[in-house]
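> Before we start, here is the structure in question, set down as structure tokens.
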Amino acid sequence: MPEEFYFAVSECVNLIGYSSRMKQIFNPHNRVFRRRCNGIGLVAALMTLVPGLFAEVPPSPGSQVVRLDTAHFGLVFLVGIDGRLYQQPVGDRGAKGKPPREDEAYPQAGDGYIWEPALQAVHADGNTSTALLFKDVTRTNETADCEVVRIKLCDPAYPFETTLCFRTHREQDVVEQWTEILHHESGAVTLERMASTALLLPATNIYLTHFFGGWAKEMLSPITEAITPGLKVLDSKLGTRAEQFRNSSFVLSLDGAPQENAGRVLAGSLAWSGSFQCAFEGFGSGVRALCGVNPFASAYHLEPGQVFTTPKMIWVWSANGLGDMSRKFHRWARDFGVRDGHKTRTVLLNNWETTGFNFDFNRITGFFDPAREIGAELFLLDDGWFGNKHPRLDTHAGLGDWEPNRQRLPGGLAPLAAEAGKRGLKFGIWLEPEMVNPQSELFERHPDWVIAQPKRKHELRREQMVLDLTRPAVREFEWQVISNTLGVPGISYAKWDCNRYLTQPGSSWLAPDRQSHLMTDYVNALYALMDKTAQTFPGTELMLCSGGGARADYGALKYFHEFWPSDNTDPVIRVPMQWDYSYFFPVLSLASHVTHWGERPLHFACSVAMSARFGMDLDLAKLSPEDKAVCAGAISAYKHIREVTLLGDLYRLETPHGTTRGALNFVAEDRARAVVFVFQLKDGEALPVRPQGLDPEKHYSIHELNPAPGRAALPQEGRTFTGTELMRDGVSPSCAKALEACVIELAPETK
Ligand code: GLA
């Protein structure tokens with residue numbers, strides 16, 4: 001028999017129990033044991049000759065098949081005769097013989113596995129190998145739709161265990177996956193790699209779609225490429241607001257390049273706001289997706305009894321292309337991914353683009369009447385309201401000193417919020433609690449609170465540094481800032497900003513041999529702070545912001561209502577950008593503000609913002625009466641349709657990437673109403689746009705909302721058609737020239 005066989009049988013015995021006497025008998029080097037194994041081997045070899053037998057019948061005592069099922073998706077794990085856990089490649093439903101070693105479900109380094117491992121650990125005694133054998137599986141039904149499956153794997157030679165955890169959402173074809181690692185060795189175990197997932201896919205025809213960007217061009221460059229043999233790594237080493245250049249969300253397609261309405265696709269999104277790694281390895285007979293915290297400079301010394309819980313990976317499946325995949329993703333996100341996912345969002349007016357840092361009480365209260373007149377519902381006061389010894393007059397000073405500036409706002413924030421309230425406006429505030437300017441009282445008092453490397457010159461970005469959240473005093477300080485600010489009477493909204501990432505990841509709080517914990521501990525401390533904020537202020541709406549790269553991930557988003565996709569609010573850029581974000585995030589979470597970026601016609605800018613979470617950042621007093629009417633019309637139209645756009649299903653109809661126009665439509669859950677958006681990016685023709693997802697039998701009447709002044713009415717304005725007719729023949733929009741847009745309501749027929 002091959003050498004591995006004796007070891008495999010020996011390991012299988014470990015599953016049953018391992019006393020020191022048994023250790024002698026079942027020693028793979030023991031000759032008697034080897035003779036007995038030859039007999040077992042013959043039986044096992046005969047079993048694998050019977051086709052399909054392996055998949056159906058547990059091959060040895062204690063072995064089994066573990067299935068995870070959603071409505072249209074499934075993962076199948078097999079316990080091999082060697083006791084290890086194997087995964088049937090995604091989408092491969094055929095029964096298999098003995099799985100090859102490279103199909104291991106969560107491969108470990110150092111004990112025979114030769115490709116990129118999911119787990120690499122150095123045990124307390126210095127052993128650099130881990131062997132994980134199946135121990136047991138538990139299944140818990142959390143709700144009728146949702147099951148948690150936990151597969152426990154143990155190392156026969158060490159008190160070291162790893163549990164692969166899954167939460168399935170049946171209807172939405174979503175699987176959340178994470179891993180828990182625990183040990184009881186004599187000292188710390190160093191985790192060098194600890195992936196959340198190591199999903200296996202078939203070897204051929206797998207395509208990866210991912211997104212590259214940067215400040216003001218986030219998500220703008222979708223890239224689709226075949227996965228070939230080798231390792232393709234998408235990662236971030238930035239520590240916090242880690243999505244500056246790329247997002248931790250991607251699509252794997254199993255039938256070649258992805259299509260909107262056909263083909264098998266699997267979206268992956270890592271719920272983690274810190275350094276991440278999504279690695280895709282083609283190793284000849286398969287493709288493996290390894291995603292989780294970035295192992296780069298992040299070794300974690302896990303103490304006995306301590307559990308390391310990896311970030312969650314969210315997988316969303318569809319056999320019908322990207323559109324169906326996104327709609328499922330959005331439904332899951334409204335239920336679990338964002339706060340208040342079943343409530344519409346207010347119309348917000350922000351002052352950042354208008355005033356920058358230059359304002360005082362009178363200037364801000366001067367915005368309230370025009371805001372109310374135009375239909376806004378909330379005023380958001382941006383950066384610049386704090387700092388006294390070092391007033392926040394620009395980006396150089398004040399961060400960390402969160403007392404309202406006494407000259408600008410003599411009575412503090414409460415009188416401002418009260419003035420807004422008198423006009424029926426809610427009031428929101430900007431905060432950047434994680435940061436400090438060296439020019440601040442906070443830094444003067446606590447220079448050691450920043451993340452920095454000893455003996456290196458501080459590297460400032462946007463003139464600021466990141467506070468070290470691993471330090472308990474910093475955690476307490478930031479909580480005081482948040483609770484004092486959000487506790488001001490009348491404040492019901494906050495924009496939580498984050499304007500730099502880590503470039504010198506050192507902590508004067510962590511011990512020298514624990515520096516590599518910073519990347520993990522920072523993010524977990526941040527989440528604890530965000531969680532406390534959400535729990536303490538349940539009625540306060542929260543925007544997750546970062547000027548550059550967004551903080552668009554489900555790790556942070558679950559504490560927030562929305563995120564700021566980009567500082568770039570040029571609607572010509574926002575059309576493709578919002579399109580790309582919508583693969584993974586529902587539009588109710590995508591803040592889209594009307595500004596003067598790009599100097600586009602306001603009707604176009606308003607129409608684009610109306611297709612997501614609408615806001616404005618304009619000096620309303622300076623608008624011409626015509627532009628003011630356009631904005632007021634857009635706000636009233638947004639209020640009329642927001643139940644459909646924010647809470648309904650999205651259909652992406654015509655891609656704006658490299659074309660003359662982009663088009664999408666939303667359909668209400670009961671399919672009684674729909675809204676179609678057409679954005680003309682270059683001159684073209686008013687060709688009909690064909691909505692999707694309508695009820696074929698229902699009748700819909702056509703109305704253009706907030707039509708652009710001076711443009712002819714829609715050819716079909718006021719007419720009624722069935723869903724079948726509309727989806728077959730389309731609706732002719734009123735726009736054909738560059739920078740024209742058209743928003744069409746398909747309203748229930750009025751009898
Ligand atoms: C970041 C945000 C902006 C604004 C500024 C304030 O850049 O993205 O919207 O809040 O900070 O400094």
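Quick note on naming: the chains in the structure tokens go A, B, ... in the order shown, residues restart at 1 in each chain, and ligands are numbered from 1 in order of appearance.
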Do you know which residues are within 7 Å of ligand 1 using only C-alpha atoms and all ligand atoms? Can you write them as a PDB file with N, CA, C and O atoms, in the first residue's frame?


ATOM      1  N   TRP A 352     -21.024  70.904   2.626  1.00  0.00           N
ATOM      2  CA  TRP A 352     -19.588  70.789   2.391  1.00  0.00           C
ATOM      3  C   TRP A 352     -19.147  71.448   1.085  1.00  0.00           C
ATOM      4  O   TRP A 352     -18.214  72.237   1.032  1.00  0.00           O
ATOM      5  N   ASP A 382     -21.265  69.752   7.946  1.00  0.00           N
ATOM      6  CA  ASP A 382     -20.034  69.006   7.667  1.00  0.00           C
ATOM      7  C   ASP A 382     -18.865  69.485   8.519  1.00  0.00           C
ATOM      8  O   ASP A 382     -19.021  70.187   9.523  1.00  0.00           O
ATOM      9  N   ASP A 383     -17.679  69.144   8.101  1.00  0.00           N
ATOM     10  CA  ASP A 383     -16.417  69.410   8.793  1.00  0.00           C
ATOM     11  C   ASP A 383     -16.240  70.910   9.083  1.00  0.00           C
ATOM     12  O   ASP A 383     -16.667  71.755   8.290  1.00  0.00           O
ATOM     13  N   THR A 395      -7.667  71.683   6.811  1.00  0.00           N
ATOM     14  CA  THR A 395      -7.355  70.294   7.187  1.00  0.00           C
ATOM     15  C   THR A 395      -6.169  70.186   8.158  1.00  0.00           C
ATOM     16  O   THR A 395      -5.891  69.097   8.658  1.00  0.00           O
ATOM     17  N   TRP A 430     -21.143  66.027  11.139  1.00  0.00           N
ATOM     18  CA  TRP A 430     -19.951  65.309  10.645  1.00  0.00           C
ATOM     19  C   TRP A 430     -19.020  64.990  11.811  1.00  0.00           C
ATOM     20  O   TRP A 430     -18.810  65.805  12.697  1.00  0.00           O
ATOM     21  N   ASP A 497     -16.700  59.935   9.246  1.00  0.00           N
ATOM     22  CA  ASP A 497     -15.714  60.010   8.165  1.00  0.00           C
ATOM     23  C   ASP A 497     -14.420  59.308   8.554  1.00  0.00           C
ATOM     24  O   ASP A 497     -14.167  59.025   9.733  1.00  0.00           O
ATOM     25  N   ASN A 499     -10.498  59.720   6.831  1.00  0.00           N
ATOM     26  CA  ASN A 499      -9.805  60.298   5.684  1.00  0.00           C
ATOM     27  C   ASN A 499      -8.339  59.915   5.537  1.00  0.00           C
ATOM     28  O   ASN A 499      -7.586  60.634   4.890  1.00  0.00           O
ATOM     29  N   CYS A 545     -18.515  57.078   5.840  1.00  0.00           N
ATOM     30  CA  CYS A 545     -17.865  57.893   4.805  1.00  0.00           C
ATOM     31  C   CYS A 545     -16.362  57.704   4.852  1.00  0.00           C
ATOM     32  O   CYS A 545     -15.779  57.397   5.886  1.00  0.00           O
ATOM     33  N   SER A 546     -15.727  57.867   3.713  1.00  0.00           N
ATOM     34  CA  SER A 546     -14.284  58.067   3.686  1.00  0.00           C
ATOM     35  C   SER A 546     -13.989  58.720   2.356  1.00  0.00           C
ATOM     36  O   SER A 546     -14.454  58.260   1.323  1.00  0.00           O
ATOM     37  N   GLY A 547     -13.293  59.836   2.430  1.00  0.00           N
ATOM     38  CA  GLY A 547     -13.002  60.556   1.190  1.00  0.00           C
ATOM     39  C   GLY A 547     -11.917  59.807   0.446  1.00  0.00           C
ATOM     40  O   GLY A 547     -10.743  60.125   0.575  1.00  0.00           O
ATOM     41  N   GLY A 548     -12.298  58.823  -0.296  1.00  0.00           N
ATOM     42  CA  GLY A 548     -11.330  58.013  -1.032  1.00  0.00           C
ATOM     43  C   GLY A 548     -11.575  56.554  -0.774  1.00  0.00           C
ATOM     44  O   GLY A 548     -11.322  56.056   0.316  1.00  0.00           O
ATOM     45  N   SER A 566     -18.144  57.953  -3.096  1.00  0.00           N
ATOM     46  CA  SER A 566     -16.995  58.664  -3.648  1.00  0.00           C
ATOM     47  C   SER A 566     -17.183  60.155  -3.431  1.00  0.00           C
ATOM     48  O   SER A 566     -18.313  60.648  -3.440  1.00  0.00           O
ATOM     49  N   ASP A 567     -16.070  60.877  -3.308  1.00  0.00           N
ATOM     50  CA  ASP A 567     -16.176  62.337  -3.308  1.00  0.00           C
ATOM     51  C   ASP A 567     -16.581  62.838  -4.690  1.00  0.00           C
ATOM     52  O   ASP A 567     -17.029  63.974  -4.846  1.00  0.00           O
TER      53      ASP A 567
END

> Glu147 (chain A): which residues within 12 Å, counting only C-alpha atoms, same-chain residues fewer than 5 positions away excluded, as a PDB file with N, CA and C atoms, in the first residue's frame?


ATOM      1  N   ARG A  67     -24.083  18.393   3.633  1.00  0.00           N
ATOM      2  CA  ARG A  67     -24.620  19.231   2.563  1.00  0.00           C
ATOM      3  C   ARG A  67     -25.175  20.527   3.138  1.00  0.00           C
ATOM      4  N   LEU A  68     -24.933  21.592   2.411  1.00  0.00           N
ATOM      5  CA  LEU A  68     -25.534  22.884   2.755  1.00  0.00           C
ATOM      6  C   LEU A  68     -26.397  23.266   1.566  1.00  0.00           C
ATOM      7  N   ASP A  69     -27.663  23.558   1.818  1.00  0.00           N
ATOM      8  CA  ASP A  69     -28.530  23.840   0.685  1.00  0.00           C
ATOM      9  C   ASP A  69     -29.272  25.146   0.839  1.00  0.00           C
ATOM     10  N   THR A  70     -29.327  25.897  -0.252  1.00  0.00           N
ATOM     11  CA  THR A  70     -30.274  27.008  -0.348  1.00  0.00           C
ATOM     12  C   THR A  70     -31.203  26.646  -1.500  1.00  0.00           C
ATOM     13  N   THR A 138     -22.673  20.353  13.603  1.00  0.00           N
ATOM     14  CA  THR A 138     -23.931  20.701  14.283  1.00  0.00           C
ATOM     15  C   THR A 138     -24.740  21.593  13.357  1.00  0.00           C
ATOM     16  N   ARG A 139     -26.035  21.454  13.411  1.00  0.00           N
ATOM     17  CA  ARG A 139     -26.926  22.239  12.543  1.00  0.00           C
ATOM     18  C   ARG A 139     -27.994  22.868  13.424  1.00  0.00           C
ATOM     19  N   THR A 140     -28.213  24.167  13.237  1.00  0.00           N
ATOM     20  CA  THR A 140     -29.213  24.879  14.036  1.00  0.00           C
ATOM     21  C   THR A 140     -30.084  25.695  13.091  1.00  0.00           C
ATOM     22  N   ASN A 141     -31.382  25.523  13.191  1.00  0.00           N
ATOM     23  CA  ASN A 141     -32.286  26.353  12.388  1.00  0.00           C
ATOM     24  C   ASN A 141     -32.555  27.640  13.149  1.00  0.00           C
ATOM     25  N   GLU A 142     -32.019  28.747  12.651  1.00  0.00           N
ATOM     26  CA  GLU A 142     -32.256  30.032  13.337  1.00  0.00           C
ATOM     27  C   GLU A 142     -33.656  30.529  13.032  1.00  0.00           C
ATOM     28  N   CYS A 165     -17.791  27.596   9.731  1.00  0.00           N
ATOM     29  CA  CYS A 165     -19.158  27.998  10.071  1.00  0.00           C
ATOM     30  C   CYS A 165     -19.856  28.565   8.840  1.00  0.00           C
ATOM     31  N   PHE A 166     -21.122  28.240   8.717  1.00  0.00           N
ATOM     32  CA  PHE A 166     -21.911  28.704   7.569  1.00  0.00           C
ATOM     33  C   PHE A 166     -23.291  29.112   8.069  1.00  0.00           C
ATOM     34  N   ARG A 167     -23.792  30.196   7.542  1.00  0.00           N
ATOM     35  CA  ARG A 167     -25.195  30.542   7.765  1.00  0.00           C
ATOM     36  C   ARG A 167     -25.842  30.605   6.378  1.00  0.00           C
ATOM     37  N   THR A 168     -26.800  29.750   6.128  1.00  0.00           N
ATOM     38  CA  THR A 168     -27.436  29.750   4.806  1.00  0.00           C
ATOM     39  C   THR A 168     -28.741  30.536   4.866  1.00  0.00           C
ATOM     40  N   HIS A 169     -28.984  31.312   3.835  1.00  0.00           N
ATOM     41  CA  HIS A 169     -30.260  32.030   3.703  1.00  0.00           C
ATOM     42  C   HIS A 169     -30.931  31.424   2.483  1.00  0.00           C
ATOM     43  N   ARG A 170     -31.912  30.580   2.746  1.00  0.00           N
ATOM     44  CA  ARG A 170     -32.461  29.713   1.697  1.00  0.00           C
ATOM     45  C   ARG A 170     -32.990  30.487   0.499  1.00  0.00           C
ATOM     46  N   GLU A 171     -33.937  31.388   0.770  1.00  0.00           N
ATOM     47  CA  GLU A 171     -34.618  32.063  -0.340  1.00  0.00           C
ATOM     48  C   GLU A 171     -33.673  32.929  -1.153  1.00  0.00           C
ATOM     49  N   VAL A 174     -28.017  32.872  -0.346  1.00  0.00           N
ATOM     50  CA  VAL A 174     -26.840  33.498   0.263  1.00  0.00           C
ATOM     51  C   VAL A 174     -26.241  32.542   1.301  1.00  0.00           C
ATOM     52  N   VAL A 175     -24.930  32.441   1.296  1.00  0.00           N
ATOM     53  CA  VAL A 175     -24.235  31.688   2.346  1.00  0.00           C
ATOM     54  C   VAL A 175     -23.212  32.624   2.980  1.00  0.00           C
ATOM     55  N   GLU A 176     -23.355  32.844   4.280  1.00  0.00           N
ATOM     56  CA  GLU A 176     -22.308  33.565   5.017  1.00  0.00           C
ATOM     57  C   GLU A 176     -21.349  32.512   5.546  1.00  0.00           C
ATOM     58  N   GLN A 177     -20.074  32.759   5.404  1.00  0.00           N
ATOM     59  CA  GLN A 177     -19.096  31.760   5.855  1.00  0.00           C
ATOM     60  C   GLN A 177     -18.004  32.425   6.692  1.00  0.00           C
TER      61      GLN A 177
END

> Would you please work out which residue, of A:Asp521, A:Asp580, A:Asp683, A:Asp695, is nearest to Phe308 (chain A) when using only C-alpha atoms?

A:Asp521

> Taking the DSSP assignment computed from this structure's backbone, write out as a VMD selection string all residues of region 446-618 of chain A that belong to strand (DSSP E or B).

chain A and resid 450 461 464 to 467 491 to 496 541 to 544 562 to 563 590 to 594 613 to 616

> Name all residues at most 10 Å from Leu164 (chain A) (count only C-alpha atoms; drop same-chain ones fewer than 2 positions away) and give them as a compact mmCIF listing (two decimals) with all heavy atoms, in the first residue's frame.


# COMPACT_ATOMS: atom_id res chain seq x y z
N ALA A 105 -11.23 20.82 2.00
CA ALA A 105 -12.13 21.97 2.16
C ALA A 105 -11.43 23.19 2.75
O ALA A 105 -11.72 24.33 2.38
CB ALA A 105 -13.30 21.57 3.05
N TYR A 106 -10.53 22.97 3.68
CA TYR A 106 -9.86 24.10 4.35
C TYR A 106 -8.41 23.67 4.56
O TYR A 106 -8.01 23.28 5.66
CB TYR A 106 -10.57 24.38 5.69
CG TYR A 106 -10.17 25.68 6.35
CD1 TYR A 106 -10.65 26.90 5.87
CD2 TYR A 106 -9.33 25.69 7.45
CE1 TYR A 106 -10.28 28.09 6.48
CE2 TYR A 106 -8.95 26.88 8.06
CZ TYR A 106 -9.44 28.07 7.56
OH TYR A 106 -9.08 29.26 8.16
N VAL A 137 -20.41 17.67 13.22
CA VAL A 137 -21.13 18.77 12.59
C VAL A 137 -22.38 19.06 13.42
O VAL A 137 -23.01 18.14 13.92
CB VAL A 137 -21.49 18.43 11.11
CG1 VAL A 137 -22.30 17.16 10.99
CG2 VAL A 137 -22.24 19.59 10.44
N VAL A 149 -24.65 26.01 10.14
CA VAL A 149 -23.98 24.71 10.11
C VAL A 149 -22.56 24.92 10.58
O VAL A 149 -21.86 25.82 10.09
CB VAL A 149 -23.99 24.11 8.68
CG1 VAL A 149 -23.30 22.75 8.67
CG2 VAL A 149 -25.41 24.00 8.15
N ARG A 150 -22.11 24.12 11.55
CA ARG A 150 -20.75 24.26 12.09
C ARG A 150 -20.05 22.92 11.95
O ARG A 150 -20.48 21.92 12.53
CB ARG A 150 -20.80 24.69 13.56
CG ARG A 150 -21.48 26.06 13.77
CD ARG A 150 -21.72 26.33 15.25
NE ARG A 150 -20.48 26.33 15.98
CZ ARG A 150 -19.70 27.40 16.15
NH1 ARG A 150 -20.08 28.57 15.67
NH2 ARG A 150 -18.56 27.31 16.81
N ILE A 151 -18.99 22.91 11.17
CA ILE A 151 -18.23 21.66 10.97
C ILE A 151 -16.92 21.79 11.75
O ILE A 151 -16.09 22.65 11.45
CB ILE A 151 -17.92 21.44 9.47
CG1 ILE A 151 -19.20 21.53 8.63
CG2 ILE A 151 -17.24 20.10 9.27
CD1 ILE A 151 -18.97 21.43 7.12
N LYS A 152 -16.79 20.91 12.75
CA LYS A 152 -15.59 21.02 13.59
C LYS A 152 -14.49 20.07 13.09
O LYS A 152 -14.75 18.90 12.81
CB LYS A 152 -15.93 20.70 15.04
CG LYS A 152 -14.81 21.10 15.99
CD LYS A 152 -15.04 20.59 17.39
CE LYS A 152 -15.91 21.54 18.19
NZ LYS A 152 -15.99 21.09 19.60
N LEU A 153 -13.28 20.60 12.98
CA LEU A 153 -12.12 19.82 12.55
C LEU A 153 -11.07 19.90 13.66
O LEU A 153 -10.88 20.97 14.24
CB LEU A 153 -11.53 20.42 11.26
CG LEU A 153 -12.50 20.72 10.12
CD1 LEU A 153 -11.79 21.48 9.00
CD2 LEU A 153 -13.09 19.43 9.57
N GLU A 161 -8.35 23.18 17.33
CA GLU A 161 -9.52 22.91 16.50
C GLU A 161 -9.91 24.13 15.66
O GLU A 161 -9.62 25.28 16.02
CB GLU A 161 -10.72 22.48 17.35
CG GLU A 161 -11.21 23.55 18.31
CD GLU A 161 -12.31 23.05 19.23
OE1 GLU A 161 -12.09 22.01 19.88
OE2 GLU A 161 -13.35 23.72 19.29
N THR A 162 -10.53 23.81 14.56
CA THR A 162 -10.97 24.84 13.62
C THR A 162 -12.40 24.50 13.24
O THR A 162 -12.68 23.37 12.86
CB THR A 162 -10.07 24.81 12.37
OG1 THR A 162 -8.75 25.11 12.79
CG2 THR A 162 -10.51 25.83 11.35
N PHE A 166 -21.12 28.24 8.72
CA PHE A 166 -21.91 28.70 7.57
C PHE A 166 -23.29 29.11 8.07
O PHE A 166 -23.86 28.43 8.92
CB PHE A 166 -22.11 27.58 6.56
CG PHE A 166 -20.82 26.96 6.08
CD1 PHE A 166 -20.22 25.94 6.81
CD2 PHE A 166 -20.20 27.40 4.92
CE1 PHE A 166 -19.03 25.37 6.39
CE2 PHE A 166 -19.01 26.83 4.49
CZ PHE A 166 -18.42 25.82 5.23
N GLN A 177 -20.07 32.76 5.40
CA GLN A 177 -19.10 31.76 5.86
C GLN A 177 -18.00 32.42 6.69
O GLN A 177 -17.51 33.50 6.34
CB GLN A 177 -18.46 31.08 4.63
CG GLN A 177 -17.49 29.99 5.04
CD GLN A 177 -16.79 29.31 3.87
OE1 GLN A 177 -17.01 29.66 2.72
NE2 GLN A 177 -15.94 28.36 4.18
N TRP A 178 -17.65 31.77 7.78
CA TRP A 178 -16.52 32.25 8.57
C TRP A 178 -15.87 31.07 9.29
O TRP A 178 -16.39 29.95 9.24
CB TRP A 178 -16.96 33.34 9.55
CG TRP A 178 -17.80 32.88 10.69
CD1 TRP A 178 -17.41 32.63 11.97
CD2 TRP A 178 -19.23 32.62 10.66
NE1 TRP A 178 -18.49 32.24 12.73
CE2 TRP A 178 -19.61 32.21 11.96
CE3 TRP A 178 -20.21 32.68 9.68
CZ2 TRP A 178 -20.93 31.88 12.29
CZ3 TRP A 178 -21.51 32.33 10.00
CH2 TRP A 178 -21.86 31.95 11.28
N THR A 179 -14.75 31.32 9.93
CA THR A 179 -13.99 30.23 10.56
C THR A 179 -13.64 30.65 11.99
O THR A 179 -13.32 31.81 12.23
CB THR A 179 -12.70 29.98 9.76
OG1 THR A 179 -13.08 29.65 8.42
CG2 THR A 179 -11.88 28.85 10.33
N GLU A 180 -13.73 29.69 12.89
CA GLU A 180 -13.33 29.95 14.29
C GLU A 180 -12.18 29.02 14.65
O GLU A 180 -12.24 27.82 14.38
CB GLU A 180 -14.52 29.72 15.22
CG GLU A 180 -15.64 30.73 15.00
CD GLU A 180 -16.91 30.43 15.76
OE1 GLU A 180 -16.92 29.48 16.56
OE2 GLU A 180 -17.90 31.15 15.54
N ILE A 181 -11.16 29.57 15.25
CA ILE A 181 -9.97 28.78 15.58
C ILE A 181 -9.75 28.87 17.10
O ILE A 181 -9.80 29.97 17.68
CB ILE A 181 -8.74 29.32 14.82
CG1 ILE A 181 -9.01 29.29 13.31
CG2 ILE A 181 -7.49 28.50 15.15
CD1 ILE A 181 -8.02 30.07 12.48
N SER A 196 -11.07 33.11 5.84
CA SER A 196 -12.49 32.96 6.18
C SER A 196 -13.07 31.82 5.38
O SER A 196 -13.97 31.12 5.81
CB SER A 196 -13.26 34.24 5.84
OG SER A 196 -12.75 35.32 6.57
N THR A 197 -12.57 31.67 4.15
CA THR A 197 -13.13 30.70 3.23
C THR A 197 -12.03 30.22 2.30
O THR A 197 -11.07 30.95 2.06
CB THR A 197 -14.28 31.35 2.41
OG1 THR A 197 -14.76 30.41 1.45
CG2 THR A 197 -13.80 32.57 1.63

> Can you pull out the residues contacting Arg500 (chain A)? Cut-off 8 Å, using only C-alpha atoms, and skip same-chain residues under 3 positions away; I want them as a list in words.

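In the requested form, the answer reads Thr240, Arg241, Arg461, Arg462, Gln464, Met465, Val466 and Ser546 of chain A.
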
> Those selected residues, please, written with N, CA and C atoms and delivered as a PDB file, in the first residue's frame.


ATOM      1  N   THR A 240      -6.905  50.349   7.654  1.00  0.00           N
ATOM      2  CA  THR A 240      -8.250  50.883   7.855  1.00  0.00           C
ATOM      3  C   THR A 240      -8.638  51.673   6.602  1.00  0.00           C
ATOM      4  N   ARG A 241      -9.962  51.846   6.414  1.00  0.00           N
ATOM      5  CA  ARG A 241     -10.534  52.314   5.143  1.00  0.00           C
ATOM      6  C   ARG A 241      -9.735  51.681   4.001  1.00  0.00           C
ATOM      7  N   ARG A 461      -1.024  62.167   6.412  1.00  0.00           N
ATOM      8  CA  ARG A 461      -1.853  62.152   5.195  1.00  0.00           C
ATOM      9  C   ARG A 461      -3.030  63.041   5.502  1.00  0.00           C
ATOM     10  N   ARG A 462      -3.323  63.944   4.598  1.00  0.00           N
ATOM     11  CA  ARG A 462      -4.340  64.983   4.853  1.00  0.00           C
ATOM     12  C   ARG A 462      -4.047  65.641   6.214  1.00  0.00           C
ATOM     13  N   GLN A 464      -3.118  64.451   8.930  1.00  0.00           N
ATOM     14  CA  GLN A 464      -3.667  63.811  10.115  1.00  0.00           C
ATOM     15  C   GLN A 464      -3.079  62.430  10.361  1.00  0.00           C
ATOM     16  N   MET A 465      -3.345  61.901  11.568  1.00  0.00           N
ATOM     17  CA  MET A 465      -2.875  60.574  11.947  1.00  0.00           C
ATOM     18  C   MET A 465      -4.053  59.794  12.523  1.00  0.00           C
ATOM     19  N   VAL A 466      -3.867  58.488  12.611  1.00  0.00           N
ATOM     20  CA  VAL A 466      -4.932  57.626  13.115  1.00  0.00           C
ATOM     21  C   VAL A 466      -4.665  57.334  14.592  1.00  0.00           C
ATOM     22  N   SER A 546     -15.727  57.867   3.713  1.00  0.00           N
ATOM     23  CA  SER A 546     -14.284  58.067   3.686  1.00  0.00           C
ATOM     24  C   SER A 546     -13.989  58.720   2.356  1.00  0.00           C
TER      25      SER A 546
END

> Which residue gives the smallest distance to Ser508 (chain A) among A:Arg406, A:Arg642, A:His330, A:Arg471, with only C-alpha atoms counted?

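For Ser508 (chain A), the nearest of the candidates is A:Arg471.
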
> Could you pull out the residues in region 344-547 of chain A that DSSP calls helix (DSSP H, G or I) from the backbone, as a ChimeraX atom specification?

/A:352-355,361-365,368-374,414-422,441-445,447-449,472-486,512-536

> Do a neighbour search on Tyr638 (chain A) at 9 Å with only C-alpha atoms, toss out local chain neighbours closer than 6 positions, and write the hits as a PyMOL selection string.

chain A and resi 347+610-611+614+645

> Save out the residues we just selected, N, CA, C and O atoms, as a PDB file, in the first residue's frame.


ATOM      1  N   VAL A 347     -34.572  63.238   2.395  1.00  0.00           N
ATOM      2  CA  VAL A 347     -33.874  64.120   1.456  1.00  0.00           C
ATOM      3  C   VAL A 347     -32.943  65.002   2.281  1.00  0.00           C
ATOM      4  O   VAL A 347     -33.377  65.697   3.193  1.00  0.00           O
ATOM      5  N   MET A 610     -31.465  60.741  -7.998  1.00  0.00           N
ATOM      6  CA  MET A 610     -32.765  60.120  -7.684  1.00  0.00           C
ATOM      7  C   MET A 610     -32.739  58.608  -7.826  1.00  0.00           C
ATOM      8  O   MET A 610     -33.617  57.918  -7.309  1.00  0.00           O
ATOM      9  N   SER A 611     -31.744  58.080  -8.533  1.00  0.00           N
ATOM     10  CA  SER A 611     -31.703  56.620  -8.721  1.00  0.00           C
ATOM     11  C   SER A 611     -30.982  55.940  -7.555  1.00  0.00           C
ATOM     12  O   SER A 611     -30.774  54.726  -7.595  1.00  0.00           O
ATOM     13  N   PHE A 614     -30.974  59.912  -2.276  1.00  0.00           N
ATOM     14  CA  PHE A 614     -30.878  61.277  -2.778  1.00  0.00           C
ATOM     15  C   PHE A 614     -30.427  62.282  -1.706  1.00  0.00           C
ATOM     16  O   PHE A 614     -30.905  62.283  -0.571  1.00  0.00           O
ATOM     17  N   THR A 645     -37.836  52.781  -5.615  1.00  0.00           N
ATOM     18  CA  THR A 645     -36.404  52.732  -5.941  1.00  0.00           C
ATOM     19  C   THR A 645     -35.586  52.161  -4.779  1.00  0.00           C
ATOM     20  O   THR A 645     -34.692  51.340  -4.995  1.00  0.00           O
TER      21      THR A 645
END

> Show which residues sit within 9 Å of Trp449 (chain A), as a VMD selection string. Count only C-alpha atoms, and ignore same-chain residues fewer than 4 positions away.

chain A and resid 443 466 to 469 471 473 to 474 507 to 509

> Between CA of Leu620 (chain A) and CA of Leu349 (chain A), what is the spacing in Å?

9.5 Å

> Which is closest to Ile573 (chain A) among A:Val287, A:Ala605, A:Ala188, A:Ile364, if we use only C-alpha atoms?

A:Ala605

> Find, counting only C-alpha atoms, the residue in A:Arg392, A:Arg652, A:His596, A:Arg445 that gets nearest to Ser326 (chain A).

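Ranking A:Arg392, A:Arg652, A:His596, A:Arg445 by distance to Ser326 (chain A), first place goes to A:Arg652.
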